[in-house]
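Comments concern the structure below.
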Amino acid sequence: MTKKKTSKNIPLPILILICTVLLFAMYLSLSTLALAIWGDSVMGTVDSYDSRLDDTDAGQNRSRTVSKGYWFLVNGKEYRGYVIYSSDEAWPSLTEGETRSERIRYLSFLPYVNKPAMLCEFSEMGEVAIIHHILAPIGYLLLLLLVIRTARGGKKKKTAARKPAAPQIFEVRSDTDMFCPNCGNKITKGMAFCSSCGTKIQTNAPGVCTACGATLPEGAEFCIGCGKAVNSATSEPMEPHHVATPAPPQSGAGLVGFSDRYNCPEILAAAQKNKKFSIGCMWILVFVPLIGFPVAGLLMDDFPFGESIIIGMGIALVMLVFNLLALRRTKQPMWEGVVVNKYSKEKSEHKGGEDDNYRTYTEYTTIINTDADKKKTIVEKDSGRHMYDYLSVGDRVRFHPKFGTYEKYDKSKDRIIYCNVCSMMNPIQNDRCKRCNNLLFK
């Protein structure tokens, strides 16, 4: 009897239910904070009330479940609301037709968002409830992203399982086969040896000379590229050390032209790793002020809590926009251009404190005119003048947005080469970066 496999995919109805609950929980906390900061107050009318005792041994504000219905008027229009919350509150129940007045907070631009004032004013909520409403949306958002990611991962696996396996034929090549396994140089279909380092790529391919890799016409007995006998028993495939290799990088051979290594699977993986790291840093820079300032407002008497929330949210929003723009730049297309100008300028800035507390520094500017006739400017300060020293007027360059780095077209006269992945300076003889071990763009 075969054992039935259990599916780990989340059913669609359950997924929708989980996402709805998490979104509603986020709304409750965010609306409470919005009402506390921007809400207006009005006297409303409670027309239904119930207080049910749940546990006599429960902690403070947790022994009863209170449900309350109310209505209020704003600009002559009636709005209704209903809340359920845990509390020790035990008002007398309302008889039919009986009402009670209570202060309600609402958003002036959206009165449908409203709550009793006692549930959303900082002075009434307490420090624990305030911290909860600040941290809860972040936790709910992370849970929501985790659930969505899990669901998408299950869907991808299911799709991959249903897809029939492709037949293995020699004409189909994977991405990794398009690059030399020794040096990473781009190769084309049908090549027997790498044009950069001479490493043998394939042997005994039909219609290809085993000595030089040239394509053979049908019925040929001798290679049209090197003259070797095709069917001779004495002919031997040429070993990599017999192939004429280019001169070493020190002489400048092979260092003229833009590298194809930016599209190598190894480099693409490094770009993806950098992107994940940037996203992680982005969320840290967003959450630190969003949490830190409200906590400081709770602990510092001379720092109003409402003001601390506004400042924290403002800084978090600025950091979020800044980082999203930075991530957007990584998705822009690669461009090429020519360095048209370089100049330096002495500048000074006030460091704060006394009026004469100034710092003088040198600003180095490199201007590139792109092929699309746009100007790109590289601005560096003091000792961080790497591109200013590396590039010269007239140099043709290529910008790699995935790393935010530049590549020079003609590297034949250089003694150093920059790693486009980590910006480390390397001797021109190196084939890999001595810090991150990624391929250098040669």
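We label chains A, B, ... in the order they appear in the structure tokens, count residues from 1 in each chain, and number ligands from 1 in the order shown.
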Per-residue DSSP, segment 32-80 of chain A, filtered to strand (DSSP E or B), as a list in words: Asp40, Ser41, Val42, Met43, Gly44, Thr45, Val46, Asp47, Ser48, Tyr49, Asp50, Ser51, Arg52, Leu53, Arg64, Thr65, Val66, Ser67, Lys68, Gly69, Tyr70, Trp71, Phe72, Leu73, Val74, Lys77, Glu78, Tyr79 and Arg80 of chain A
Quick one: everything within 7 Å of segment 120-132 of chain A, counting only C-alpha atoms, minus sequence neighbours fewer than 5 positions away in the same chain. Send it as a PDB file with all heavy atoms, in the first residue's frame.
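What landed in out-v9.pdb:
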```pdb
ATOM      1  N   THR A  32      -6.387  53.382  15.279  1.00  0.00           N
ATOM      2  CA  THR A  32      -6.295  53.884  16.656  1.00  0.00           C
ATOM      3  C   THR A  32      -5.232  54.963  16.770  1.00  0.00           C
ATOM      4  O   THR A  32      -5.458  56.017  17.388  1.00  0.00           O
ATOM      5  CB  THR A  32      -5.978  52.722  17.613  1.00  0.00           C
ATOM      6  OG1 THR A  32      -7.009  51.746  17.537  1.00  0.00           O
ATOM      7  CG2 THR A  32      -5.871  53.221  19.048  1.00  0.00           C
ATOM      8  N   LEU A  35      -6.457  58.159  14.940  1.00  0.00           N
ATOM      9  CA  LEU A  35      -7.461  58.896  15.724  1.00  0.00           C
ATOM     10  C   LEU A  35      -6.815  59.624  16.893  1.00  0.00           C
ATOM     11  O   LEU A  35      -7.208  60.732  17.245  1.00  0.00           O
ATOM     12  CB  LEU A  35      -8.533  57.929  16.219  1.00  0.00           C
ATOM     13  CG  LEU A  35      -9.478  57.366  15.149  1.00  0.00           C
ATOM     14  CD1 LEU A  35     -10.315  56.233  15.718  1.00  0.00           C
ATOM     15  CD2 LEU A  35     -10.383  58.473  14.620  1.00  0.00           C
ATOM     16  N   ALA A  36      -5.803  59.000  17.510  1.00  0.00           N
ATOM     17  CA  ALA A  36      -5.130  59.634  18.644  1.00  0.00           C
ATOM     18  C   ALA A  36      -4.356  60.872  18.218  1.00  0.00           C
ATOM     19  O   ALA A  36      -4.273  61.858  18.962  1.00  0.00           O
ATOM     20  CB  ALA A  36      -4.197  58.636  19.315  1.00  0.00           C
ATOM     21  N   LYS A 115     -13.966  55.973  16.894  1.00  0.00           N
ATOM     22  CA  LYS A 115     -13.933  55.110  18.073  1.00  0.00           C
ATOM     23  C   LYS A 115     -14.289  55.939  19.293  1.00  0.00           C
ATOM     24  O   LYS A 115     -14.090  57.158  19.297  1.00  0.00           O
ATOM     25  CB  LYS A 115     -12.532  54.509  18.279  1.00  0.00           C
ATOM     26  CG  LYS A 115     -12.235  53.271  17.477  1.00  0.00           C
ATOM     27  CD  LYS A 115     -10.896  52.685  17.875  1.00  0.00           C
ATOM     28  CE  LYS A 115     -10.574  51.447  17.051  1.00  0.00           C
ATOM     29  NZ  LYS A 115      -9.293  50.840  17.467  1.00  0.00           N
TER      30      LYS A 115
END
```
Nearest to Leu141 of chain A by atom-to-atom distance, counting only C-alpha atoms, from A:Ser29, A:Gly337, A:Tyr418, A:Glu346: A:Ser29
Pick from A:Leu15, A:Val321, A:Cys226, A:Ile279 nearest to Leu146 of chain A, counting only C-alpha atoms: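 Counting only C-alpha atoms, the residue closest to Leu146 of chain A is A:Leu15.
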Atom CA of Glu380 of chain A to atom CA of Asp414 of chain A, straight-line distance in Å: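 Calculated distance between atom CA of Asp414 of chain A and atom CA of Glu380 of chain A is 21.0 Å.
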Atomic distance atom CA of Asp410 of chain A - atom CA of Arg396 of chain A, expressed in Å with one decimal: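 Going from atom CA of Asp410 of chain A over to atom CA of Arg396 of chain A covers 7.5 Å.
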Selection: 12 Å around Phe305 of chain A, only C-alpha atoms, excl. self and same-chain fewer than 2 positions, as a ChimeraX atom specification: /A:33,36-37,121-123,126-127,130-131,292-303,307-312
Write the residues you've just listed into a file as an mmCIF file, in the first residue's frame, and include N, CA, C and O atoms for each of them.
```
data_model
loop_
_atom_site.group_PDB
_atom_site.id
_atom_site.type_symbol
_atom_site.label_atom_id
_atom_site.label_comp_id
_atom_site.auth_asym_id
_atom_site.auth_seq_id
_atom_site.Cartn_x
_atom_site.Cartn_y
_atom_site.Cartn_z
ATOM 1 N N LEU A 33 -4.047 54.739 16.167
ATOM 2 C CA LEU A 33 -2.992 55.746 16.188
ATOM 3 C C LEU A 33 -3.404 56.995 15.421
ATOM 4 O O LEU A 33 -3.128 58.132 15.857
ATOM 5 N N ALA A 36 -5.803 59.000 17.510
ATOM 6 C CA ALA A 36 -5.130 59.634 18.644
ATOM 7 C C ALA A 36 -4.356 60.872 18.218
ATOM 8 O O ALA A 36 -4.273 61.858 18.962
ATOM 9 N N ILE A 37 -3.780 60.859 17.017
ATOM 10 C CA ILE A 37 -2.932 61.963 16.567
ATOM 11 C C ILE A 37 -3.731 63.021 15.827
ATOM 12 O O ILE A 37 -3.612 64.223 16.109
ATOM 13 N N GLU A 121 -7.301 57.587 22.951
ATOM 14 C CA GLU A 121 -6.527 58.717 23.450
ATOM 15 C C GLU A 121 -5.338 58.199 24.246
ATOM 16 O O GLU A 121 -5.478 57.294 25.078
ATOM 17 N N PHE A 122 -4.166 58.788 23.999
ATOM 18 C CA PHE A 122 -2.951 58.311 24.656
ATOM 19 C C PHE A 122 -3.049 58.385 26.177
ATOM 20 O O PHE A 122 -2.523 57.524 26.882
ATOM 21 N N SER A 123 -3.722 59.396 26.683
ATOM 22 C CA SER A 123 -3.838 59.554 28.137
ATOM 23 C C SER A 123 -4.702 58.465 28.761
ATOM 24 O O SER A 123 -4.593 58.187 29.961
ATOM 25 N N GLY A 126 -2.749 54.033 28.069
ATOM 26 C CA GLY A 126 -1.649 53.469 28.837
ATOM 27 C C GLY A 126 -0.456 53.143 27.950
ATOM 28 O O GLY A 126 -0.601 52.957 26.739
ATOM 29 N N GLU A 127 0.722 53.055 28.551
ATOM 30 C CA GLU A 127 1.948 52.873 27.777
ATOM 31 C C GLU A 127 2.000 51.530 27.066
ATOM 32 O O GLU A 127 2.448 51.436 25.924
ATOM 33 N N ILE A 130 -0.133 51.644 23.952
ATOM 34 C CA ILE A 130 0.468 52.500 22.930
ATOM 35 C C ILE A 130 1.569 51.745 22.183
ATOM 36 O O ILE A 130 1.631 51.748 20.952
ATOM 37 N N ILE A 131 2.471 51.107 22.937
ATOM 38 C CA ILE A 131 3.556 50.343 22.315
ATOM 39 C C ILE A 131 2.991 49.204 21.470
ATOM 40 O O ILE A 131 3.486 48.905 20.380
ATOM 41 N N GLY A 292 11.852 53.872 17.480
ATOM 42 C CA GLY A 292 12.715 54.560 18.449
ATOM 43 C C GLY A 292 12.146 55.867 18.963
ATOM 44 O O GLY A 292 12.184 56.142 20.180
ATOM 45 N N PHE A 293 11.604 56.692 18.089
ATOM 46 C CA PHE A 293 11.088 57.989 18.529
ATOM 47 C C PHE A 293 9.883 57.858 19.467
ATOM 48 O O PHE A 293 9.826 58.537 20.502
ATOM 49 N N PRO A 294 8.877 57.006 19.153
ATOM 50 C CA PRO A 294 7.787 56.842 20.126
ATOM 51 C C PRO A 294 8.246 56.310 21.478
ATOM 52 O O PRO A 294 7.743 56.731 22.525
ATOM 53 N N VAL A 295 9.203 55.380 21.457
ATOM 54 C CA VAL A 295 9.721 54.877 22.732
ATOM 55 C C VAL A 295 10.412 56.003 23.509
ATOM 56 O O VAL A 295 10.258 56.127 24.730
ATOM 57 N N ALA A 296 11.176 56.847 22.801
ATOM 58 C CA ALA A 296 11.807 57.997 23.458
ATOM 59 C C ALA A 296 10.767 58.946 24.012
ATOM 60 O O ALA A 296 10.944 59.536 25.096
ATOM 61 N N GLY A 297 9.644 59.112 23.291
ATOM 62 C CA GLY A 297 8.579 59.976 23.790
ATOM 63 C C GLY A 297 7.940 59.441 25.060
ATOM 64 O O GLY A 297 7.467 60.217 25.903
ATOM 65 N N LEU A 298 7.915 58.096 25.208
ATOM 66 C CA LEU A 298 7.373 57.513 26.434
ATOM 67 C C LEU A 298 8.327 57.656 27.614
ATOM 68 O O LEU A 298 7.893 57.823 28.769
ATOM 69 N N LEU A 299 9.630 57.612 27.333
ATOM 70 C CA LEU A 299 10.613 57.606 28.414
ATOM 71 C C LEU A 299 11.087 59.002 28.809
ATOM 72 O O LEU A 299 11.565 59.196 29.928
ATOM 73 N N MET A 300 10.973 59.976 27.921
ATOM 74 C CA MET A 300 11.473 61.329 28.186
ATOM 75 C C MET A 300 10.306 62.270 28.478
ATOM 76 O O MET A 300 9.376 62.407 27.671
ATOM 77 N N ASP A 301 10.360 62.901 29.626
ATOM 78 C CA ASP A 301 9.267 63.782 30.038
ATOM 79 C C ASP A 301 9.185 65.039 29.186
ATOM 80 O O ASP A 301 8.095 65.586 28.976
ATOM 81 N N ASP A 302 10.344 65.548 28.718
ATOM 82 C CA ASP A 302 10.344 66.789 27.950
ATOM 83 C C ASP A 302 10.167 66.560 26.450
ATOM 84 O O ASP A 302 10.383 67.472 25.658
ATOM 85 N N PHE A 303 9.805 65.354 26.045
ATOM 86 C CA PHE A 303 9.585 65.037 24.634
ATOM 87 C C PHE A 303 8.155 64.532 24.496
ATOM 88 O O PHE A 303 7.862 63.385 24.772
ATOM 89 N N GLU A 307 4.281 64.340 19.514
ATOM 90 C CA GLU A 307 5.315 64.911 18.649
ATOM 91 C C GLU A 307 6.342 63.852 18.251
ATOM 92 O O GLU A 307 6.822 63.832 17.110
ATOM 93 N N SER A 308 6.671 62.961 19.182
ATOM 94 C CA SER A 308 7.653 61.911 18.866
ATOM 95 C C SER A 308 7.129 60.965 17.789
ATOM 96 O O SER A 308 7.884 60.521 16.925
ATOM 97 N N ILE A 309 5.829 60.657 17.812
ATOM 98 C CA ILE A 309 5.244 59.781 16.789
ATOM 99 C C ILE A 309 5.290 60.448 15.424
ATOM 100 O O ILE A 309 5.658 59.829 14.413
ATOM 101 N N ILE A 310 4.941 61.739 15.382
ATOM 102 C CA ILE A 310 4.942 62.462 14.105
ATOM 103 C C ILE A 310 6.354 62.531 13.530
ATOM 104 O O ILE A 310 6.574 62.292 12.334
ATOM 105 N N ILE A 311 7.337 62.841 14.383
ATOM 106 C CA ILE A 311 8.726 62.923 13.907
ATOM 107 C C ILE A 311 9.212 61.552 13.429
ATOM 108 O O ILE A 311 9.838 61.421 12.372
ATOM 109 N N GLY A 312 8.924 60.506 14.226
ATOM 110 C CA GLY A 312 9.349 59.166 13.845
ATOM 111 C C GLY A 312 8.736 58.705 12.531
ATOM 112 O O GLY A 312 9.426 58.154 11.667
#
```
